[in-house]
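> Sharing a structure here in structure tokens format.
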Amino acid sequence: MNKKLLFSFVFLLALVFRVAAQDRTITGKVTSSEDGSALPGVSVGVKGSTKGTVTASDGSYKINASSSSTLVFSFVGFKKTEVPAGSKSIVNVSLVSEISDLEEVVVVGYGGGQARRTLTGSQASVKGSDIANIPVQTFDRALQGRAAGVQISGSNGVPGGQVQVRVRGVGSIKGGNDPLYVVDGVQLNTSSNSAFASTNPLSYLNPNDIENIEILKDAASAAIYGAAAANGVVLVTTKKGKAGKTNISLDYNTGYVEPTKYLDVLNTQEWIQLRREALFNQTGNEATARSGALTGVRLSGTLTDAEIAALPTYDWQKEAYQSGTTNNYNFSMNGGNEKTTFYLSGAYNQSDANVRNVDYKGGNFSAKINNKVSSRLNVDAAINLSSFIQRGTFGGPNGGSFLGSPSFSSPLILPMNRIYNDDGSYFGTPAEGGLAGILNQNVLMVSDLNKINSRTNQVISSLGLTFKIIEGLSFRPYASLDYRTINGYNFQDPRTADAFNVKGRISAQQFELINFLTNATFMYDKAIKTDHKISALAGVEYRQNTQENYQTTAEGIPTPQFTTQSSAANPISIFSSWTGFKKAGVFTRFSYDFKNKYFLGLTARYDGSSRFGAENQYGFFPGVSAGWDISGEDFLKNNPSISQLKLRASYGTLGNDQIGNFDSRGLYGGGANYNGLSGISPASLSNASLRWEKNTTTNFALDYGFFNSRVQGSIEYFVRTSSDLLLDQPVPQTSGFGTISNNLGGMQNKGLEFSIKTTNIDKGGFRWTTDFNITKIDNKITTLYDTLTTLPGRTVDEQIKIGHPLNSIYVAEYAGVNPATGRAMWYDNAGNIIYRIAGNVDSYSKIIGSQIPNLYGGFTNDFSYKGFDLNVLFTYEYGRTAYNNQSAFMFENGGRAFNTLRSVYESRWTTPGQITSTPRPFNNNTEVLGSSITTNLGSRVYEDASYIRLKTISLGYNIPKTALSKFGLASARVYLQAYNLYTWTKWSGFDAEWTNLGSGNSGIVPQPRVVTAGVRLGF
Amino acid sequence: MKLKNIFKPLALGLVLTASSCSDLLDVQPRQSIDSATALTSEDAIRAAVNGVYDVLQSTFLYGRDLIAIPEALADNGRATNKSGRLVAEYQNQATNAHFQIWERAYNAINQLNLILEALPKATAVPVATRDSFEGQASMLRALLYFELARCYGYEPKVVVTQSDRGTVPLHKKGVLDLAQIERLPRATIAETYDFIYSDLTNAVAKLSTVTLSTAYANKGAANALFSRVALYRGDYENAIKYANAALASGIGKFQTKDAYVGAWRVANHPESMFEIVYQTNENIGVNLSLQTTYTTLVQLGNTATTGGFGDLVPTAALLATFEPGDVRRNLYERGTAGRGTAEIECTKFFGRNGVVNLDNIPVIRISEMYLNRAEAYALSGKETEALADVNTIRTRAGLEAKTGLTGQALINEIANQRRIELAFEGHRFFDLKRRGQDIIKDAPAQNLAYTDFRILSFIPNREIQANSNLKQNVGY
């Protein structure tokens, strides 16, 4: 096994021949096998002696050795390589990077690094190079499937849109569940505040600038972030300048964006037939059913069969869902000398969505500089300027009624409606009375004429000083600013339905965020003899966050050409709000490593926040962890097949402070105006004892590496217990209030994470590695308040019941169709068939699933051969059930004037005795003394949202250096990327991957398929 | 725990050096104020009173439901299923097809309780101003408890004993924190009417005869409301007494025949004694406004342009009740075919404020006083006076005066005139209910017996869960 691994430097041996054993000077250069770059700082030794040296900044070395001796080259991150000295006086070595990540140094909270081998907390890592050039705007999306225990779902397919990240499940009901993002020490505010677009503030960061990402998952690693850390912490380290020659890199890729799916809906003739049946089944009168089906959609009631057969069908989806382009430009340069290093980068990205009139354009510029002022003082400063503009969706989660949304309505609009008149103008304007059918808006006109956009400008900057007090002890004051403005604009054209009556409506948003942070830390590192290593850190921190939001609306413009509010006749609303919070904390970390075998970590933070009630403003968050590397023990030390076998355990408490800034206060709010005069009304009940949510995490893990790390990975078991959950405790509405914010509930997430990475083939220059991870999480509610077993006031698909997962779906199970009558049936809890869902909800409802998936992960295969590389990533999610709002409409089966899925049409009940699950068509969907066939109280409209997706394929080729030198290039790479290439799912809507931002999946822009080709040049 | 003790001074010591101690974590909201001290100035109390009217604008209250649902539940309105709204109410379905005023009504009642508690302490406010606030608050509390009582309970004279669980809990104290929340049982019908009487008595006493605007609770409206409440209670003496006071108040101008239709086309209905007013920016919009609920038209006589949904249209039975020549029939005309079959639609709410879907909504119109009084007279044996009042309504509508009507025929004529006069204004269901009458519907809708449980609305389930003293109505 081991021998096989050593082949990679065999070619060197061909150059070597034996001479007499005699010391002489050997020189050479050590380079990286990956890109041929020089490796400075590589230890070069002679086996069996104490002789040794390190390579210089150009990778060169000089050492005395006899020709019978063996040279040993070792360097962090590269395979230890032995080369017989032989008789040559020049021995050049190309080091192969280490398959194992064990020796790699990982970033931990508040800076400092720690060798992965010594980690005792639970921490997942993703390298920047793994996610570079994936055609997404934000790095969080690119993390999907790459880290065990981290579930990532695109909220929708809007480029630069929101993403939901859940580290080890959902721990809060009312509070936020998003992790804390810390980029180079800047604690970001990642709340999305755009009124008119789905906006992800992480768009400011160019994924290609990322060096690596660490996700802190357990209390032991995250407790240092205290009350902000309950949902995990994502630590991002960006690329920095390196001393030496200035490296310039240019990267360009371009491609297309296209819909992944069109829904198969009925043509005009089929729909008329269906509608006739629906009316006939209600009235029993064929003549009126036939004429009613026709006149209901403004056709003549006396059309003959031949005339009906001749009616045209128009495909609205093909107009609404369109292909687009994406273009991505990247530039970066870095370099410097021993005193000063710098890194500059710039990027511009343009990306269309797969739905008409939705796109993204944005760019950023980033500069980082590091200067050694003296041997004791080091200064680092960074600034990132970014700006992006998104054209938003009409009828998306943020902006307008979903009925006017092309993504929602285009499959539902009746197919006999034409789209354009013969002269190219829009058919069915509101002035002409709209389209036939309930969805009577020409959604393409709505989409084209309305202008919705949102521009986000961000400045993220930081300044830090590192002062070395004595060897091993340093002091670092640091400050950062996260500044963001959003300018939103929503123009509703007076020719479109929503603004027709008011003659145009213009809304605007101005938003400003100021998120300031400062801290100061002492860091201490000490090795006592060789067996004991101590590292300690202590610090204080203060953070202040304010945000202001203005939204204005005016109505009544003279003509559509007037597009500013000043032209409007009626100012309708002026909304302004100010909110803010302050936090202060002290924190410490201590880690101890004995003989590289036994590890101990202690972390604690004392944290206060203005969000909490006066009686509970501060809290204490400790974490403790320990590890034992069994492979370091004598009985395993020399076992060649075991490279690591480390047991870890940790325990600690974290806080979740993601609640409203003023939830603890009893307030009277304004805005209750009447008759043109201002009014006030009570807004909230006071609760002075309100405090953070508590998350207690217990973690047990085994890190393993076998066969020289050809097989390695981890198994982790965790129990995350959330208590004191912030809940809107319902109070009797007779009090004048609906709820009070209170710490009441409890929840538990128990999970198992398994990851494995194997090198399957590494021979003859061909290498194949596989990376697989899977996470199983069982979520359940453990306590509520009083004697409640169900939290009242929740919708049927977001039930909170003790002993069941959060957001369980509690409805009557669909029993299919009565073969004799074609009527929809459900089961009550006694197992009886019922036709009408009514009465006590517990008499018929049972839990049919939860909106939280309980299994997810990713599967990656990497292949490389002589400059070619291929990466294939599958992601999957299993166990999520959700209400399919889009399909609920499309399951109506001719009950109202909407189009229907062909699969529903073809399976509908038509004949007594027929066994099917689709009821007979019936006008208005509700049979006499029955329930609507699309009622959300029955399981018919809930679907399994599990999926497996071929998420990315990327194929690249690094052009050999020999071919490049005459062009003055240091490196060149061409590549192809495909994103969301194929999906396996039972979901009947456009896309199973979405998150509920308030209106289900109606009007959501589904994820696109993106294919790009690009080239990267290094100078 | 011990560690905690070490950390606190550390925190204070290290962090506070840069910032003053007291405001380290101090952040005050800017668009809200502390509720404990909110209602201490005249301006604040005035704004708080205004805030109650804001609640009344809700579509769950006068914005739509209290006006349109009584027509759908009873025999005046037929749901067209053009948007699907009000179909369940029209069919008298047993789930979620009734008034849902509970939350908004109690929200406003708590605001009123807080105002009524704050007033005696606000000694800096002039007495006349305080009386005005107190009178308004008392009348509005009476109005809201009356709405709650008639939605959730029976009227005193026509109780279905086996289903009588009282009206609603009578909360009289303001709530600002958890400890103040009471979990009361439902009051009896008699307790409720007694409490409404006491509030109305106080309102009539405190409100000044000088009225600023019918947009606010006023003395004339308080008398008018008292007349209505007394009629519901079967207290005919007071129904007559307060109808007289209301008619004499000078609030609300009884319109002539010629002005009748035009009165529905101006922003403030001249007959209004109390109406909920809406500003341009408070337009309820194309889904739920009364205009969109009742008609597809945006311009009278123009069936080419479709605006609203026209979800609720007059039943054949209602249209048949009109006698030829009745000026009130001019408020009904054929709508557009833009959302399905063109129907005869009610145009009482037609963007009176100058913008489509924007209508001020009369809560009490002076015509009702003649009808209240006519009914009270007829039921207390004064048939001559009763006939005179009903003829006032008839002749104003362009119909000839009736003569010689007595007994049930007279009572029927009063009921018919009331049905026509107040159609689509939120009276019909309650008028049938307070008389204990069954609802007769056009097929295919089914009749609803007065004894059916669906006559009463359902209390929100969460309320039953949150308050063990509260009993749900029978059947739900």
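Chain labels run A, B, ... following the order of the structure tokens; each chain numbers its residues from 1, and ligands are numbered from 1 in the order shown.
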Kindly provide, as a PDB file with C-alpha atoms, in the first residue's frame, the residues of chain B having any atom no farther than 7 Å from an atom of chain A, counting only C-alpha atoms.

```pdb
ATOM      1  CA  LYS B   4     -19.340  34.471  36.602  1.00  0.00           C
ATOM      2  CA  PHE B   7     -16.125  37.937  34.820  1.00  0.00           C
ATOM      3  CA  ALA B  11     -16.307  43.116  31.848  1.00  0.00           C
ATOM      4  CA  LEU B  14     -12.224  46.494  30.648  1.00  0.00           C
ATOM      5  CA  VAL B  15     -15.059  47.547  28.484  1.00  0.00           C
ATOM      6  CA  LEU B  25     -25.994  48.613  26.685  1.00  0.00           C
ATOM      7  CA  ASP B  26     -28.627  51.309  26.629  1.00  0.00           C
ATOM      8  CA  VAL B  27     -30.581  51.585  23.395  1.00  0.00           C
ATOM      9  CA  PRO B  29     -36.454  52.802  20.453  1.00  0.00           C
ATOM     10  CA  ARG B  30     -37.337  55.826  18.356  1.00  0.00           C
ATOM     11  CA  GLN B  31     -40.709  55.021  16.895  1.00  0.00           C
ATOM     12  CA  SER B  32     -42.262  53.817  20.124  1.00  0.00           C
ATOM     13  CA  ILE B  33     -42.508  54.957  23.703  1.00  0.00           C
ATOM     14  CA  ASP B  34     -42.623  53.189  27.043  1.00  0.00           C
ATOM     15  CA  SER B  35     -46.166  51.985  27.610  1.00  0.00           C
ATOM     16  CA  ALA B  38     -47.350  56.767  27.568  1.00  0.00           C
ATOM     17  CA  ALA B  47     -53.497  60.183  19.894  1.00  0.00           C
ATOM     18  CA  ALA B  48     -54.493  57.090  21.868  1.00  0.00           C
ATOM     19  CA  ASN B  50     -57.455  58.309  17.606  1.00  0.00           C
ATOM     20  CA  GLY B  51     -55.698  54.956  17.672  1.00  0.00           C
ATOM     21  CA  TYR B  53     -60.743  54.550  15.455  1.00  0.00           C
ATOM     22  CA  ASP B  54     -57.799  53.199  13.498  1.00  0.00           C
ATOM     23  CA  GLU B 103     -59.177  39.913  18.149  1.00  0.00           C
ATOM     24  CA  TYR B 106     -60.691  43.281  22.200  1.00  0.00           C
ATOM     25  CA  ASN B 107     -57.588  45.043  20.964  1.00  0.00           C
ATOM     26  CA  ALA B 108     -59.618  48.242  20.771  1.00  0.00           C
ATOM     27  CA  ILE B 109     -61.344  47.532  24.080  1.00  0.00           C
ATOM     28  CA  ASN B 110     -57.989  47.271  25.865  1.00  0.00           C
ATOM     29  CA  GLN B 111     -56.963  50.593  24.368  1.00  0.00           C
ATOM     30  CA  VAL B 175     -53.448  45.477  30.359  1.00  0.00           C
ATOM     31  CA  LEU B 176     -49.764  46.374  29.868  1.00  0.00           C
ATOM     32  CA  ASP B 177     -47.948  43.371  31.277  1.00  0.00           C
ATOM     33  CA  LEU B 178     -48.430  39.658  31.835  1.00  0.00           C
ATOM     34  CA  ILE B 181     -54.049  39.575  32.138  1.00  0.00           C
ATOM     35  CA  VAL B 277     -63.500  57.633   7.473  1.00  0.00           C
ATOM     36  CA  TYR B 278     -60.572  56.617   5.308  1.00  0.00           C
ATOM     37  CA  GLN B 279     -57.769  58.683   3.886  1.00  0.00           C
ATOM     38  CA  THR B 280     -56.346  58.097   0.413  1.00  0.00           C
ATOM     39  CA  ASN B 281     -53.469  56.126   1.872  1.00  0.00           C
ATOM     40  CA  THR B 305     -64.127  48.387 -17.691  1.00  0.00           C
ATOM     41  CA  THR B 306     -63.858  45.847 -14.900  1.00  0.00           C
ATOM     42  CA  GLY B 338     -65.169  40.856 -16.848  1.00  0.00           C
ATOM     43  CA  GLY B 340     -67.912  36.021 -15.209  1.00  0.00           C
ATOM     44  CA  VAL B 356     -61.792  53.564  -6.564  1.00  0.00           C
ATOM     45  CA  ARG B 462     -56.696  29.748  20.538  1.00  0.00           C
ATOM     46  CA  GLU B 463     -58.831  31.696  22.981  1.00  0.00           C
ATOM     47  CA  ALA B 466     -55.567  30.098  26.393  1.00  0.00           C
ATOM     48  CA  ASN B 467     -58.469  30.580  28.825  1.00  0.00           C
ATOM     49  CA  TYR B 476     -68.004  24.398  16.932  1.00  0.00           C
TER      50      TYR B 476
END
```
> If you run DSSP on the backbone, which residues of segment 46-240 of chain B are strand (DSSP E or B), as a list in words?
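Residues of segment 46-240 of chain B classed as strand (DSSP E or B): Gly77, Arg78, Ala79 and Asp177 of chain B.
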> Just want the 7 Å neighbourhood of Pro411 of chain A, counted on only C-alpha atoms, with same-chain residues fewer than 3 positions away dropped. Output as a PyMOL selection string.
chain A and resi 263+265+316-317+899
> Go ahead and save the picked residues with C-alpha atoms, as a PDB file, in the first residue's frame.

```
ATOM      1  CA  LEU A 263     -44.679  22.073 -16.033  1.00  0.00           C
ATOM      2  CA  VAL A 265     -50.172  21.641 -18.502  1.00  0.00           C
ATOM      3  CA  TRP A 316     -47.151  31.191 -21.295  1.00  0.00           C
ATOM      4  CA  GLN A 317     -44.386  29.333 -19.502  1.00  0.00           C
ATOM      5  CA  ASN A 899     -54.952  25.505 -15.888  1.00  0.00           C
TER       6      ASN A 899
END
```
> Taking only C-alpha atoms into account, which of B:Lys157, B:Lys471, B:Lys253, B:Arg339 comes nearest Gly436 of chain B?
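Among B:Lys157, B:Lys471, B:Lys253, B:Arg339, it is B:Lys157 that comes nearest to Gly436 of chain B.
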> Excluding Leu937 of chain A and its own-chain neighbours fewer than 4 positions away, which residues fall within 7 Å of it when counting only C-alpha atoms? Please give them as a ChimeraX atom specification.
/A:796,811-812
> Contacts of Ile248 of chain A at 8 Å or less, counting only C-alpha atoms, minus same-chain residues fewer than 3 places along, as a short mmCIF file (atom, residue, chain, number, x, y, z; two decimals) with C-alpha atoms, in the first residue's frame?

```cif
data_model
loop_
_atom_site.label_atom_id
_atom_site.label_comp_id
_atom_site.auth_asym_id
_atom_site.auth_seq_id
_atom_site.Cartn_x
_atom_site.Cartn_y
_atom_site.Cartn_z
CA PHE A 331 -8.70 40.07 -11.32
CA SER A 332 -6.28 39.70 -8.47
CA MET A 333 -2.68 40.55 -7.74
CA ASN A 334 -0.54 40.01 -4.72
CA GLY A 1018 -1.50 33.74 -14.09
CA PHE A 1019 1.35 36.18 -14.77
#
```
> I need the residues in segment 470-703 of chain A that are alpha helix (DSSP H) according to DSSP; give them as number ranges by chain.
A: 497-500, 634-637
> Record the distance separating atom CA of Thr313 of chain A and atom CA of Tyr420 of chain A, expressed in Å with one decimal.
12.7 Å
> Please report the interatomic distance between atom CA of Thr496 of chain A and atom CA of Ala353 of chain A in Å with one decimal.
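Atom-to-atom, atom CA of Thr496 of chain A and atom CA of Ala353 of chain A are spaced 22.5 Å apart.
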